[in-house]
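Q: Data file target_39.cif (mmCIF, C-alpha atoms) is appended below.
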```cif
data_structure
loop_
_atom_site.label_atom_id
_atom_site.label_comp_id
_atom_site.auth_asym_id
_atom_site.auth_seq_id
_atom_site.Cartn_x
_atom_site.Cartn_y
_atom_site.Cartn_z
CA MET U 685 32.44 -35.14 16.61
CA ILE U 686 33.50 -33.26 13.53
CA ALA U 687 33.56 -36.41 11.44
CA ALA U 688 30.08 -37.38 12.65
CA GLN U 689 28.60 -34.02 11.71
CA GLY U 690 30.50 -33.98 8.46
CA ARG U 691 28.03 -36.31 6.86
CA ARG U 692 25.40 -33.56 6.93
CA LEU U 693 27.61 -30.98 5.27
CA ALA U 694 27.64 -30.05 1.63
CA GLY U 695 30.54 -31.20 -0.55
CA PRO U 696 33.44 -28.73 -0.62
CA LEU U 697 33.14 -27.64 3.01
CA ARG U 698 33.02 -31.21 4.26
CA GLY U 699 36.29 -31.85 2.56
CA TYR U 700 37.62 -28.64 3.96
CA PHE U 701 36.73 -29.50 7.53
CA ARG U 702 38.21 -32.96 7.10
CA ARG U 703 41.52 -31.46 6.09
CA MET U 704 41.64 -28.26 8.13
CA LYS U 705 39.21 -28.89 11.01
CA THR U 706 38.54 -25.18 11.54
CA LEU U 707 37.71 -21.93 9.75
CA ALA U 708 38.96 -18.42 10.44
CA ILE U 709 36.29 -15.82 11.13
CA SER U 710 36.44 -14.20 7.69
CA GLN U 711 36.32 -17.60 5.99
CA LEU U 712 33.21 -18.54 7.96
CA ALA U 713 31.66 -15.16 7.26
CA ARG U 714 32.23 -15.58 3.54
CA THR U 715 30.87 -19.11 3.59
CA VAL U 716 27.52 -18.14 5.09
CA GLY U 717 27.30 -14.73 3.44
CA LEU U 718 27.49 -12.66 6.63
CA SER U 719 29.94 -9.93 7.46
CA ARG U 720 32.87 -10.45 9.76
CA SER U 721 31.52 -7.78 12.10
CA THR U 722 28.24 -9.69 12.39
CA LEU U 723 30.15 -12.74 13.60
CA LEU U 724 32.08 -10.57 16.04
CA TYR U 725 28.78 -9.26 17.31
CA TYR U 726 27.36 -12.78 17.65
CA ASP U 727 30.43 -13.63 19.72
CA ARG U 728 29.98 -10.55 21.90
CA ILE U 729 26.33 -11.33 22.71
CA GLY U 730 27.14 -14.98 23.32
CA LEU U 731 25.13 -16.28 20.40
CA LEU U 732 28.02 -17.91 18.58
CA LYS U 733 31.29 -18.28 20.39
CA PRO U 734 34.31 -19.32 18.39
CA SER U 735 35.54 -22.81 19.10
CA GLY U 736 38.77 -21.31 20.33
CA ARG U 737 41.62 -18.94 19.63
CA THR U 738 44.89 -19.59 17.91
CA GLY U 739 48.15 -18.89 19.69
CA SER U 740 48.16 -15.40 18.24
CA GLY U 741 44.60 -14.74 19.39
CA TYR U 742 42.63 -15.31 16.17
CA ARG U 743 39.19 -16.82 16.53
CA TYR U 744 38.62 -20.14 14.86
CA TYR U 745 35.39 -21.97 14.22
CA SER U 746 34.81 -25.71 14.05
CA GLU U 747 32.38 -27.55 11.88
CA GLN U 748 30.05 -27.59 14.87
CA SER U 749 30.05 -23.79 15.03
CA TYR U 750 29.31 -23.77 11.35
CA GLY U 751 26.28 -26.00 11.95
CA ARG U 752 25.10 -23.73 14.75
CA LEU U 753 25.53 -20.66 12.55
CA LYS U 754 23.46 -22.24 9.80
CA ARG U 755 20.66 -22.82 12.29
CA ILE U 756 20.98 -19.24 13.55
CA ARG U 757 20.61 -18.04 9.99
CA HIS U 758 17.61 -20.22 9.41
CA PHE U 759 15.89 -18.83 12.52
CA ARG U 760 16.78 -15.30 11.38
CA GLU U 761 15.09 -15.98 8.09
CA ALA U 762 11.96 -16.88 10.05
CA GLY U 763 12.23 -13.49 11.75
CA LEU U 764 13.25 -14.60 15.23
CA THR U 765 15.26 -12.02 17.15
CA LEU U 766 18.83 -12.80 18.17
CA ASN U 767 17.70 -13.02 21.79
CA GLU U 768 14.98 -15.47 20.90
CA ILE U 769 17.42 -17.56 18.88
CA ARG U 770 19.86 -17.65 21.76
CA GLU U 771 17.12 -18.87 24.09
CA VAL U 772 15.97 -21.48 21.60
CA LEU U 773 19.50 -22.80 21.15
CA GLN U 774 20.05 -22.82 24.91
CA SER U 775 16.91 -24.85 25.53
CA GLY U 776 17.33 -27.78 23.22
CA GLY U 777 17.29 -26.07 19.85
CA LYS U 778 13.59 -26.35 19.04
CA PRO U 779 11.45 -23.19 19.13
CA GLY U 780 8.28 -23.53 21.20
CA VAL U 781 4.74 -23.28 19.87
CA LYS U 782 4.20 -20.02 21.73
CA LEU U 783 7.17 -18.36 20.05
CA LEU U 784 6.19 -19.63 16.61
CA ASP U 785 2.60 -18.46 17.06
CA LYS U 786 3.83 -15.06 18.16
CA ARG U 787 5.97 -14.75 15.03
CA MET U 788 3.06 -15.88 12.87
CA GLN U 789 0.92 -13.14 14.35
CA GLU U 790 3.66 -10.59 13.79
CA THR U 791 4.06 -11.58 10.16
CA ALA U 792 0.29 -11.38 9.67
CA ALA U 793 0.35 -7.86 11.10
CA SER U 794 3.24 -6.92 8.80
CA ILE U 795 1.33 -8.20 5.80
CA VAL U 796 -1.61 -5.97 6.74
CA ASP U 797 0.77 -3.02 7.09
CA LEU U 798 2.38 -3.72 3.74
CA LYS U 799 -0.98 -4.10 2.01
CA ASN U 800 -1.97 -0.77 3.46
CA GLN U 801 1.23 0.80 2.14
CA GLN U 802 0.50 -0.73 -1.24
CA ARG U 803 -2.99 0.74 -1.24
CA ILE U 804 -1.71 4.22 -0.36
CA LEU U 805 1.03 4.04 -2.99
CA ALA U 806 -1.44 2.87 -5.62
CA ALA U 807 -3.73 5.76 -4.78
CA MET U 808 -0.82 8.22 -5.09
CA ARG U 809 0.15 6.61 -8.36
CA ARG U 810 -3.38 6.88 -9.68
CA ARG U 811 -3.46 10.55 -8.84
CA ILE U 812 -0.39 11.10 -10.97
CA ALA U 813 -1.82 9.01 -13.77
CA THR U 814 -5.09 10.93 -13.85
CA SER U 815 -3.88 14.41 -12.97
CA GLY U 816 -2.70 15.24 -16.48
CA SER U 817 -5.74 14.09 -18.38
CA SER U 818 -8.71 14.76 -16.19
CA ALA U 819 -10.25 16.94 -13.58
CA PRO U 820 -7.82 18.40 -11.04
CA VAL U 821 -10.63 17.98 -8.57
CA ASP U 822 -10.45 15.66 -5.62
CA LYS U 823 -13.20 14.16 -3.54
CA GLU U 824 -13.00 16.76 -0.82
CA LEU U 825 -13.23 19.65 -3.26
CA TRP U 826 -16.03 17.99 -5.13
CA VAL U 827 -18.14 17.38 -2.02
CA GLN U 828 -17.44 20.94 -0.95
CA MET U 829 -18.72 22.25 -4.28
CA LEU U 830 -21.82 20.09 -4.14
CA GLN U 831 -22.51 21.36 -0.64
CA ALA U 832 -22.02 24.91 -1.86
CA ALA U 833 -24.66 24.25 -4.49
CA GLY U 834 -27.02 23.38 -1.71
CA MET U 835 -26.78 19.63 -2.07
CA ASN U 836 -27.08 17.97 1.28
CA ARG U 837 -26.16 14.37 1.97
CA ARG U 838 -29.57 13.14 0.84
CA ALA U 839 -29.36 15.04 -2.45
CA ARG U 840 -25.83 13.74 -2.98
CA LYS U 841 -27.01 10.20 -2.48
CA LEU U 842 -29.74 10.83 -5.00
CA TRP U 843 -27.17 12.17 -7.43
CA HIS U 844 -25.00 9.05 -7.03
CA THR U 845 -28.05 6.85 -7.47
CA GLU U 846 -29.00 8.63 -10.67
CA PHE U 847 -25.44 8.61 -11.96
CA GLU U 848 -25.09 4.91 -11.24
CA ARG U 849 -28.43 4.09 -12.83
CA ARG U 850 -27.94 6.15 -15.98
CA ALA U 851 -24.23 5.76 -16.68
CA PRO U 852 -22.53 3.26 -14.35
CA ALA U 853 -19.23 3.25 -16.27
CA ALA U 854 -19.08 7.04 -16.33
CA HIS U 855 -19.89 7.09 -12.62
CA ASP U 856 -16.95 4.77 -12.05
CA GLU U 857 -14.61 6.85 -14.17
CA PHE U 858 -15.69 10.07 -12.54
CA LEU U 859 -15.09 8.72 -9.03
CA MET U 860 -11.67 7.41 -10.08
CA SER U 861 -10.82 10.81 -11.56
CA LEU U 862 -11.41 12.30 -8.11
CA GLY U 863 -8.51 10.16 -6.91
CA ILE U 864 -10.73 7.98 -4.75
CA PRO U 865 -9.14 4.57 -4.04
CA ARG U 866 -10.50 1.66 -6.03
CA GLU U 867 -12.11 -0.14 -3.08
CA GLU U 868 -13.87 3.02 -1.99
CA VAL U 869 -15.19 3.59 -5.52
CA ILE U 870 -16.65 0.09 -5.46
CA GLN U 871 -18.22 0.79 -2.07
CA ILE U 872 -19.73 4.07 -3.22
CA ARG U 873 -21.22 2.44 -6.30
CA ARG U 874 -22.74 -0.38 -4.25
CA TRP U 875 -24.18 2.17 -1.91
CA SER U 876 -25.57 4.06 -4.94
CA ARG U 877 -27.34 0.89 -6.02
CA GLY U 878 -28.87 0.57 -2.58
CA GLU U 879 -26.91 -2.57 -1.84
CA THR U 880 -25.19 -1.26 1.26
CA LYS U 881 -25.73 1.35 3.90
CA ASN U 882 -22.64 3.43 3.79
CA PRO U 883 -23.15 7.08 4.61
CA GLU U 884 -19.57 8.01 3.83
CA VAL U 885 -20.14 10.31 0.90
CA MET I 1467 -20.86 0.84 -22.07
CA LYS I 1468 -19.54 4.34 -22.53
CA ASN I 1469 -17.47 5.71 -19.74
CA ASN I 1470 -18.31 9.32 -19.98
CA VAL I 1471 -21.40 11.44 -19.83
CA THR I 1472 -22.19 14.47 -21.90
CA LYS I 1473 -22.99 17.87 -20.56
CA ASP I 1474 -26.66 17.39 -21.39
CA GLU I 1475 -26.79 14.12 -19.49
CA TRP I 1476 -25.08 15.74 -16.54
CA VAL I 1477 -27.53 18.62 -16.56
CA ALA I 1478 -30.43 16.19 -16.87
CA MET I 1479 -29.13 14.33 -13.84
CA TYR I 1480 -28.86 17.49 -11.82
CA ARG I 1481 -32.41 18.47 -12.78
CA GLU I 1482 -33.67 15.07 -11.79
CA ILE I 1483 -32.34 15.48 -8.29
CA GLY I 1484 -33.85 18.91 -7.91
CA LEU I 1485 -31.15 21.39 -8.88
CA ASP I 1486 -32.74 24.13 -10.94
CA GLU I 1487 -31.10 26.50 -13.42
CA LYS I 1488 -30.54 29.11 -10.77
CA LYS I 1489 -28.83 26.65 -8.44
CA MET I 1490 -26.65 25.33 -11.25
CA LYS I 1491 -25.59 28.78 -12.25
CA GLN I 1492 -24.76 29.56 -8.63
CA TRP I 1493 -22.78 26.36 -8.47
CA HIS I 1494 -20.69 27.35 -11.53
CA GLN I 1495 -20.07 30.77 -10.02
CA LEU I 1496 -18.88 29.28 -6.77
CA PHE I 1497 -16.74 26.70 -8.52
CA GLU I 1498 -15.20 29.38 -10.72
CA ALA I 1499 -14.59 31.75 -7.81
CA ARG I 1500 -13.12 29.22 -5.42
CA HIS I 1501 -11.45 26.67 -7.64
CA PRO I 1502 -11.03 27.93 -11.20
CA ASP I 1503 -8.67 25.04 -12.10
CA GLY I 1504 -11.10 22.52 -10.72
CA HIS I 1505 -13.92 24.13 -12.68
CA GLN I 1506 -11.90 23.97 -15.88
CA GLY I 1507 -10.91 20.37 -15.19
CA PHE I 1508 -14.45 19.32 -14.53
CA LEU I 1509 -15.77 20.92 -17.71
CA GLU I 1510 -12.96 19.24 -19.66
CA TRP I 1511 -13.90 15.94 -18.07
CA LEU I 1512 -17.39 16.42 -19.50
CA ARG I 1513 -15.65 16.79 -22.91
CA ILE I 1514 -17.17 20.17 -23.50
CA PRO I 1515 -15.42 21.94 -26.40
CA LYS I 1516 -12.86 24.54 -25.39
CA LYS I 1517 -14.81 27.45 -26.81
CA GLU I 1518 -17.88 26.51 -24.82
CA ILE I 1519 -15.80 26.05 -21.66
CA ASP I 1520 -14.43 29.55 -22.04
CA HIS I 1521 -17.96 30.80 -22.48
CA ILE I 1522 -19.29 28.98 -19.41
CA ARG I 1523 -16.41 30.16 -17.27
CA ALA I 1524 -16.71 33.75 -18.43
CA ALA I 1525 -20.43 33.66 -17.67
CA SER I 1526 -19.67 32.34 -14.21
CA ARG I 1527 -17.47 35.25 -13.21
#
```
In structure tokens, what does this structure look like?

A:
Amino acid sequence: MIAAQGRRLAGPLRGYFRRMKTLAISQLARTVGLSRSTLLYYDRIGLLKPSGRTGSGYRYYSEQSYGRLKRIRHFREAGLTLNEIREVLQSGGKPGVKLLDKRMQETAASIVDLKNQQRILAAMRRRIATSGSSAPVDKELWVQMLQAAGMNRRARKLWHTEFERRAPAAHDEFLMSLGIPREEVIQIRRWSRGETKNPEV
Amino acid sequence: MKNNVTKDEWVAMYREIGLDEKKMKQWHQLFEARHPDGHQGFLEWLRIPKKEIDHIRAASR
């Protein structure tokens, strides 16, 4: 069994297994870059049992366990939970389409979350970048002041339209200086050009 | 394309959309009363010289 699997192993370890047949827990941990306590935990939850115990009670792992651990690690990298991995390994070792699709959906959702975080961070960063040099006025304050001057939504739209028509670059810079996120600035400018209906301003 | 407008252009824009002198003055007063830092920042953004900014702000109080 060990000899048969040995063909798939990388150089030094194959030689090692041929000579020694088994690895101690800390050796295995070091080999795959996990901690000893992780392997103990895997044992406790029945994910990776040692091949046996020595006379003095130390766990030892065969080449087969090593192969199983490598697969566990691979599934972990794909984001499967330990429970899911255990089920996969119990039922033939191949994850089902349903499980893979679920993980794909989860990763897609995480990407959306991360992009959102990125957007928020970039907006915060921009505020810092512009706070020293330009108006310490934000969108809310600005709209409030325009309202105070008697500018209703229609008048504000007119103002944006004029600003965009007369000095598009200055319009852009002014909106950015209010700390408005890039995408929103683009939206506002499109709306100012009458390209979209977007009564957000 | 320049990426800033002058005070005159700004005023012209405001006139165009129907804000008269009185309204503009009222707007400065409000801005100065409620958010003096914002007022200062906005006038600086228009690249109005410091002396003139001081003048505008004093007149708005």

Q: Please enumerate the residues selected by the PyMOL selection byres ((chain U) within 8 of (chain I)) when evaluated against the supplied file, formatted as JSON, numbers by chain.

A: {"U": [818, 819, 820, 821, 829, 830, 832, 833, 834, 839, 842, 843, 846, 847, 851, 852, 853, 854, 855, 856, 857, 858]}

Q: With a distance cut-off of 8 Å and all atoms listed in the file, select the neighbouring residues of segment 743-751 of chain U, excluding the residue or stretch itself and same-chain residues fewer than 4 positions from it, and output the selection as a PyMOL selection string.

A: chain U and resi 686+689-690+701+705-709+712+732-738+755

Q: Excluding Met788 of chain U and its own-chain neighbours fewer than 6 positions away, which residues fall within 10 Å of it when counting all atoms listed in the file? Please give them as a list in words.

A: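 Residues near the query, excluding close chain neighbours: Ala762, Gly763, Lys782 and Ser794 of chain U.
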
Q: Taking all atoms of segment 1493-1509 of chain I that the file lists and extending 8 Å past them on each side, where is the centre of the axis-aligned box and how long are its edges? Answer in Å to one decimal, as AutoDock Vina command-line options.

A:
```
--center_x -15.7 --center_y 25.5 --center_z -11.6 --size_x 30.1 --size_y 28.4 --size_z 28.3
```

Q: Apply the PyMOL selection byres ((chain I and resi 1526) around 7) to the structure shown and report the selected residues as a list in words.

A: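 With the shown file as input, the PyMOL selection byres ((chain I and resi 1526) around 7) matches His1494, Gln1495, Glu1498, Ile1522, Arg1523, Ala1524, Ala1525 and Arg1527 of chain I.
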
Q: So how far away is atom CA of Leu753 of chain U from atom CA of Ala713 of chain U, in Å?

A: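 Computing the Euclidean distance for atom CA of Ala713 of chain U and atom CA of Leu753 of chain U yields 9.8 Å.
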
Q: Tell me, in Å to one decimal, how far atom CA of Pro1515 of chain I is from atom CA of Pro1502 of chain I.

A: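 Straight-line distance from atom CA of Pro1515 of chain I to atom CA of Pro1502 of chain I works out to 16.9 Å.
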
Q: Could you give me, as a tab-separated table, every segment 755-836 of chain U residue with an atom at most 10 Å from segment 720-730 of chain U, plus its closest atom pair and distance in Å to one decimal, counting all atoms listed in the file, rows ordered by chain then number?

A:
```
residue	atom	partner	partner_atom	distance
U:Ile756	CA	U:Tyr726	CA	10.0
U:Leu766	CA	U:Tyr726	CA	8.5
U:Asn767	CA	U:Ile729	CA	8.8
U:Arg770	CA	U:Gly730	CA	7.9
```

Q: I'd like the interatomic distance between atom CA of Arg803 of chain U and atom CA of Leu862 of chain U, to a tenth of an Å.

A: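 Between these atoms lies a distance of 15.9 Å.
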
Q: Tell me which residues the PyMOL selection byres ((chain U and resi 872) around 12) grabs here, as number ranges by chain.

A: U: 840-841, 843-845, 847-848, 852, 855-856, 858-860, 864-871, 873-885

Q: Nearest to Lys754 of chain U: which of U:Arg810, U:Ile769, U:Arg837, U:Arg849 is it, counting all atoms listed in the file?

A: U:Ile769

Q: Show which residues sit within 9 Å of Leu784 of chain U, as a list in words. Count all atoms listed in the file, and ignore same-chain residues fewer than 5 positions away.

A: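 My reading of the contact set: Leu764, Pro779 and Gln789 of chain U.
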